[in-house]
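Below is one structure, written out as structure tokens; the observations come after it.
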Number of protein chains: 4
Amino acid sequence: MNRPSTSDRVLPVTPRGQKTRQKLLRAAESVFGEKGYERASIADITRKGGVALGTFYVYFPDKQSIFVEVVDELGERLRRLIAEAVSGLKDRLQVERTGLRTFFEFARKHPNLYRVVRQAEFVDEACYRRYYDRFARGYVSGLTQAMDAGQVRRMDPEVLAYCLMGIGDFLGMRWVMWEDDPGLERVLDTAMALIRHGLEPRPSSKPGKSPAASPKRGARGARNALRTLA
Amino acid sequence: MNRPSTSDRVLPVTPRGQKTRQKLLRAAESVFGEKGYERASIADITRKGGVALGTFYVYFPDKQSIFVEVVDELGERLRRLIAEAVSGLKDRLQVERTGLRTFFEFARKHPNLYRVVRQAEFVDEACYRRYYDRFARGYVSGLTQAMDAGQVRRMDPEVLAYCLMGIGDFLGMRWVMWEDDPGLERVLDTAMALIRHGLEPRPSSKPGKSPAASPKRGARGARNALRTLA
Amino acid sequence: MNRPSTSDRVLPVTPRGQKTRQKLLRAAESVFGEKGYERASIADITRKGGVALGTFYVYFPDKQSIFVEVVDELGERLRRLIAEAVSGLKDRLQVERTGLRTFFEFARKHPNLYRVVRQAEFVDEACYRRYYDRFARGYVSGLTQAMDAGQVRRMDPEVLAYCLMGIGDFLGMRWVMWEDDPGLERVLDTAMALIRHGLEPRPSSKPGKSPAASPKRGARGARNALRTLA
Amino acid sequence: MNRPSTSDRVLPVTPRGQKTRQKLLRAAESVFGEKGYERASIADITRKGGVALGTFYVYFPDKQSIFVEVVDELGERLRRLIAEAVSGLKDRLQVERTGLRTFFEFARKHPNLYRVVRQAEFVDEACYRRYYDRFARGYVSGLTQAMDAGQVRRMDPEVLAYCLMGIGDFLGMRWVMWEDDPGLERVLDTAMALIRHGLEPRPSSKPGKSPAASPKRGARGARNALRTLA
DNA sequence: CATGAATGAGATTTCATTCAT
DNA sequence: AATGAATGAAATCTCATTCAT
């Protein structure tokens with residue numbers, strides 16, 4: 001049932017056919033986002049793409065295939081974008097904040113991102129998992145490094161990754177789709193307030209390298225109690 | 001496109017009919033969860049419900065209506081369940097942990113919860129918003145109270161609510177649907193480690209640039225309670 | 001791929017639905033015969049049957065199913081008709097002649113018989129085989145009895161059955177479909193001249209009783225030569 | 001709907017093009033045989049032929065044309081093959097046996113023969129009739145000569161030809177396609193036993209009721225020859 | 001209330017054929 | 001001559017909904 005994702009496929013380089021193929025992918029992304037997978041018809045896609053109905057089947061074997069390709073592609077673009085945006089950053093909190101911001105901005109530019117990806121669950125579960133798995137994989141490895149570097153408190157990195165992804169996902173959804181925009185940076189501030197303290201290696205104390213940390217406050221005993229109990 | 005939600009509608013009270021109505025709602029929940037809204041047919045629902053096809057239209061005007069009702073009902077049940085579970089709890093961290101646990105358990109018992117709700121976006125957007133809005137509303141008011149009580153650091157409560165909902169949502173999704181179960185309490189431990197420090201009223205230190213970061217208020221007693229219990 | 005044939009299925013006795021079902025079967029028989037399986041559309045069938053397009057799918061899961069049912073039914077009717085026609089006859093030659101005549105008359109009344117059955121090969125091979133197998137089975141057992149009774153010379157009864165079926169088939173095809181009709185009885189005369197001598201228990205002369213031909217006659221050398229050469 | 005058959009058309013003589021043309025004809029024969037006319041696509045044919053889709057239309061105006069050509073060609077090859085095989089034979093029974101054997105062997109080598117020809121009925125009826133007419137024409141003239149020579153009893157030669165063709169057709173179908181092969185010569189033995197006595201000039205005996213039965217003509221010598229040789 | 005036969009609009013998919021290169 | 005991208009007509013099949021009983 002699964003098809004190889006876009007990234008696993010060798011793309012032909014003929015610019016000729018690719019133009020139409022790209023037109024269809026763009027059209028599909030938009031139509032799937034607007035109407036949802038099931039309500040989107042092939043005719044909608046070809047109409048929006050400006051080609052004839054039959055042309056669709058020159059490039060894709062069926063509706064599911066183009067959907068999967070759209071999702072895989074969106075995921076890839078988003079991951080690459082975030083990776084580039086955070087590539088030079090040393091501080092994990094900066095990575096988080098920049099990553100969130102990049103994600104939000106991408107989601108705003110591609111208002112269908114959410115709407116498309118969410119549907120994958122019912123169209124091709126493998127594709128759906130792939131989307132989040134790949135995201136999570138990168139997240140986990142980044143967090144693990146940060147933990148090793150003492151920038152982030154030790155916890156199960158996979159669970160943590162899902163927590164942070166969940167924050168980004170829900171916040172993004174709210175910010176992008178529900179239109180009373182409180183301003184990107186203000187949203188980021190609040191989210192980062194939560195994340196910063198949640199992640200800081202020693203909830204209170206020890207500046208070290210960690211820039212966001214240097215808590216320096218007392219209440220050591222209490223903190224230890226917390227550690228023990230929580 | 002939107003229809004009034006179930007709660008706004010006058011429900012017939014005949015007990016006889018209610019039995020059939022309930023059968024249909026149960027069947028619909030299950031069928032929608034398994035096949036998705038579009039692929040689920042009225043015939044599937046009536047078959048599973050053990051009634052004749054035509055009977056469906058005695059109780060519901062159309063397919064969308066029953067879907068909306070299912071979603072509204074699920075949301076209501078879940079909210080009530082969580083509300084009851086946390087009702088006696090004074091400590092916000094306990095509320096968070098218990099809420100999460102209740103949610104996870106509900107999601108595991110109703111494996112279709114996610115699958116059904118996620119689709120609402122394309123079936124009836126109002127219903128979809130309603131689901132999260134109501135959830136968020138309760139969350140926001142709880143958090144606000146906790147902030148007022150000095151149990152939680154001051155931040156934009158709505159943004160915070162979405163962050164916490166996102167954590168629950170993603171973690172639940174991962175825990176419920178992706179089957180390598182690391183154990184509920186262990187997952188909760190990690191999540192709570194993040195949340196606890198993220199929420200604790202006396203942020204460790206050093207606001208830096210982040211504007212939303214410096215509550216600086218007292219409420220030590222509350223904090224100590226937090227430390228002790230969470 | 002194969003479906004159970006009509007004869008193997010329990011037919012509901014509701015006269016209600018059956019009327020429509022029969023209408024569709026009749027229409028299908030005629031349309032398949034006229035246009036061929038592939039060129040016949042469901043719309044053609046329902047139009048001829050006087051029902052709406054969708055009604056087709058209330059009674060048949062797909063096009064192939066109704067085709068198979070038409071073929072099975074035709075075969076059954078034909079076999080029953082021939083069986084009745086020859087059922088009192090003692091003499092095998094009379095059985096052959098009567099069988100042929102019955103077949104020709106049936107084929108003329110159902111001009112689509114040939115055209116429908118021939119296509120079965122490409123639509124559902126099992127159905128195709130079934131058609132001829134069942135026919136052959138009856139033929140073989142009749143011939144074997146006649147051989148036991150000394151009415152027919154001993155030969156491989158199955159091969160013989162196919163020879164005789166072939167005669168009927170081709171002759172019927174020619175007589176029914178290619179329109180220069182030389183008269184049924186005249187055609188039968190010629191066919192029977194071939195068959196009679198081909199079947200008669202003692203190839204040359206002398207009726208007598210001699211059942212399975214215990215060849216007792218002279219000219220052994222010649223016969224042996226025949227056997228060897230022919 | 002009918003098109004002129006290949007034999008009536010002027011064939012281009014470019015040797016270059018002929019190679020491609022032949023490739024297409026071979027591919028078409030095989031594809032038509034495997035999938036049937038309607039299910040076989042031009043793309044199937046060109047793929048199997050190893051040429052581009054558009055090339056098809058350089059050599060054939062449409063799908064029907066190549067089909068008709070394939071059928072005509074098959075018929076021609078088969079007729080020529082049989083004609084050659086029986087060309088030296090004087091004895092009609094030997095002709096029959098050899099003809100049958102040649103046909104069976106051809107059918108086995110070209111397993112698509114039957115499948116292709118049978119479809120002609122719905123693709124181009126003229127082509128279908130042509131196939132059998134030409135076959136029958138040769139058969140009739142051969143039988144007439146044999147009757148004139150006293151080798152075969154007098155009967156309506158056309159009806160007789162169809163009887164014999166039917167025997168060959170059905171037996172061939174059974175032998176070629178239904179795989180429990182009893183051995184070619186054994187099948188021929190039985191068929192020839194039927195045919196030999198059916199054809200022998202001096203019908204053995206017993207006029208009885210059958211009207212067409214009493215030729216009573218001489219030609220003893222011939223009969224003896226038959227007996228001896230066949 | 002309950003039923004289920006009947007409907008027909010609409011969706012996906014196939015493919016013979018054209019045509020610019 | 002050869003190519004293959006593009007076309008759009010047509011076919012199969014699904015299913016929400018209606019309605020007479």
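By convention in this document, the chains of the structure tokens carry letters A, B, ... by their order, each chain's residues are numbered from 1, and ligands are numbered from 1 in the order they are shown.
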Dump as CSV the rows for residues of chain F within 9 Å of chain B: closest atom pair and distance in Å with one decimal, only C-alpha atoms (C1' of nucleotides) counted, ordered by chain and rising residue number.
```
residue,atom,partner,partner_atom,distance
F:DC15,C1',B:Ser41,CA,6.9
F:DA16,C1',B:Ile42,CA,7.6
F:DT17,C1',B:Asp62,CA,8.3
```
* To do: Show which residues sit within 10 Å of stretch 83-88 of chain A, as a PyMOL selection string. Count only C-alpha atoms (C1' of nucleotides), and ignore same-chain residues fewer than 5 positions away.
  => chain A and resi 77-78+94-99+101-103+138
* DSSP-assigned helix (DSSP H, G or I) among stretch 81-208 of chain B, expressed as a ChimeraX atom specification -> /B:81-86,92-109,112-123,125-148,157-177,184-199
* Write out as number ranges by chain which residues come within 12 Å of F:DC19 when counting only C-alpha atoms (C1' of nucleotides), dropping same-chain ones fewer than 3 positions away. => B: 54, 57; E: 3-7
* To do: Please report as a list in words which residues of chain E come no farther than 12 Å from chain D, using only C-alpha atoms (C1' of nucleotides).
  =>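 Applying the cut-off to the listed atoms yields DT14, DC15, DA16, DT17, DT18 and DC19 of chain E.
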* Work out how far atom CA of A:Leu171 is from atom CA of A:Asp189, in Å to one decimal. =>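 Separation of atom CA of A:Asp189 and atom CA of A:Leu171: 12.0 Å.
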* Quick one: residues within 10 Å of A:Phe60, only C-alpha atoms (C1' of nucleotides) counted, chain neighbours fewer than 4 positions away excluded, as a list in words? -> Arg21, Leu24, Leu25, Thr55, Phe56, Gln64, Ser65, Ile66, Phe67 and Glu69 of chain A
Write to file, as a short mmCIF file (atom, residue, chain, number, x, y, z; two decimals), in the first residue's frame, the residues of the selection just made, with all heavy atoms.
```
data_model
loop_
_atom_site.label_atom_id
_atom_site.label_comp_id
_atom_site.auth_asym_id
_atom_site.auth_seq_id
_atom_site.Cartn_x
_atom_site.Cartn_y
_atom_site.Cartn_z
N ARG A 21 4.20 18.03 -14.09
CA ARG A 21 4.18 17.31 -12.83
C ARG A 21 4.17 18.28 -11.64
O ARG A 21 3.42 18.13 -10.69
CB ARG A 21 5.42 16.42 -12.75
CG ARG A 21 5.29 15.27 -11.81
CD ARG A 21 6.42 14.26 -12.03
NE ARG A 21 6.06 13.00 -11.43
CZ ARG A 21 6.10 12.75 -10.14
NH1 ARG A 21 6.53 13.67 -9.32
NH2 ARG A 21 5.72 11.60 -9.65
N LEU A 24 0.93 20.00 -11.24
CA LEU A 24 -0.06 19.14 -10.59
C LEU A 24 0.20 19.04 -9.08
O LEU A 24 -0.74 19.08 -8.27
CB LEU A 24 -0.04 17.75 -11.23
CG LEU A 24 -0.67 17.69 -12.62
CD1 LEU A 24 -0.39 16.36 -13.30
CD2 LEU A 24 -2.18 17.92 -12.52
N LEU A 25 1.46 18.93 -8.71
CA LEU A 25 1.76 18.83 -7.28
C LEU A 25 1.34 20.10 -6.55
O LEU A 25 0.75 20.04 -5.46
CB LEU A 25 3.26 18.58 -7.08
CG LEU A 25 3.71 17.13 -7.28
CD1 LEU A 25 5.22 17.03 -7.38
CD2 LEU A 25 3.19 16.25 -6.14
N THR A 55 -4.46 14.07 -18.16
CA THR A 55 -3.04 14.34 -17.94
C THR A 55 -2.59 13.92 -16.55
O THR A 55 -1.45 13.53 -16.36
CB THR A 55 -2.77 15.84 -18.15
OG1 THR A 55 -3.24 16.19 -19.45
CG2 THR A 55 -1.30 16.16 -18.05
N PHE A 56 -3.51 13.98 -15.63
CA PHE A 56 -3.16 13.57 -14.28
C PHE A 56 -2.54 12.18 -14.28
O PHE A 56 -1.52 11.94 -13.64
CB PHE A 56 -4.41 13.56 -13.39
CG PHE A 56 -4.13 13.08 -11.99
CD1 PHE A 56 -3.72 13.96 -11.00
CD2 PHE A 56 -4.26 11.74 -11.66
CE1 PHE A 56 -3.46 13.52 -9.71
CE2 PHE A 56 -4.00 11.28 -10.38
CZ PHE A 56 -3.60 12.18 -9.41
N GLN A 64 -4.18 8.77 -4.47
CA GLN A 64 -3.41 8.56 -3.26
C GLN A 64 -1.93 8.90 -3.48
O GLN A 64 -1.28 9.50 -2.62
CB GLN A 64 -3.56 7.12 -2.79
CG GLN A 64 -2.88 6.85 -1.48
CD GLN A 64 -3.11 5.42 -0.99
OE1 GLN A 64 -4.22 5.07 -0.63
NE2 GLN A 64 -2.07 4.62 -0.99
N SER A 65 -1.44 8.51 -4.62
CA SER A 65 -0.02 8.72 -4.90
C SER A 65 0.38 10.19 -4.84
O SER A 65 1.40 10.54 -4.27
CB SER A 65 0.33 8.17 -6.26
OG SER A 65 0.16 6.79 -6.28
N ILE A 66 -0.43 11.00 -5.47
CA ILE A 66 -0.05 12.41 -5.48
C ILE A 66 -0.17 12.99 -4.07
O ILE A 66 0.64 13.81 -3.65
CB ILE A 66 -0.88 13.23 -6.50
CG1 ILE A 66 -0.18 14.56 -6.77
CG2 ILE A 66 -2.29 13.43 -6.03
CD1 ILE A 66 -0.85 15.39 -7.84
N PHE A 67 -1.14 12.50 -3.34
CA PHE A 67 -1.28 12.98 -1.97
C PHE A 67 -0.03 12.64 -1.15
O PHE A 67 0.54 13.50 -0.47
CB PHE A 67 -2.51 12.36 -1.32
CG PHE A 67 -2.69 12.78 0.11
CD1 PHE A 67 -3.30 13.98 0.42
CD2 PHE A 67 -2.22 11.99 1.13
CE1 PHE A 67 -3.45 14.38 1.73
CE2 PHE A 67 -2.36 12.38 2.45
CZ PHE A 67 -2.98 13.58 2.75
N GLU A 69 2.86 12.07 -2.18
CA GLU A 69 4.00 12.84 -2.64
C GLU A 69 3.95 14.26 -2.10
O GLU A 69 4.99 14.83 -1.71
CB GLU A 69 4.04 12.83 -4.17
CG GLU A 69 5.38 13.23 -4.70
CD GLU A 69 5.65 12.64 -6.07
OE1 GLU A 69 5.16 11.53 -6.35
OE2 GLU A 69 6.33 13.29 -6.87
#
```
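Taking atom CA of D:Val176 and atom CA of D:Val140 as endpoints, the distance between them is 25.3 Å.
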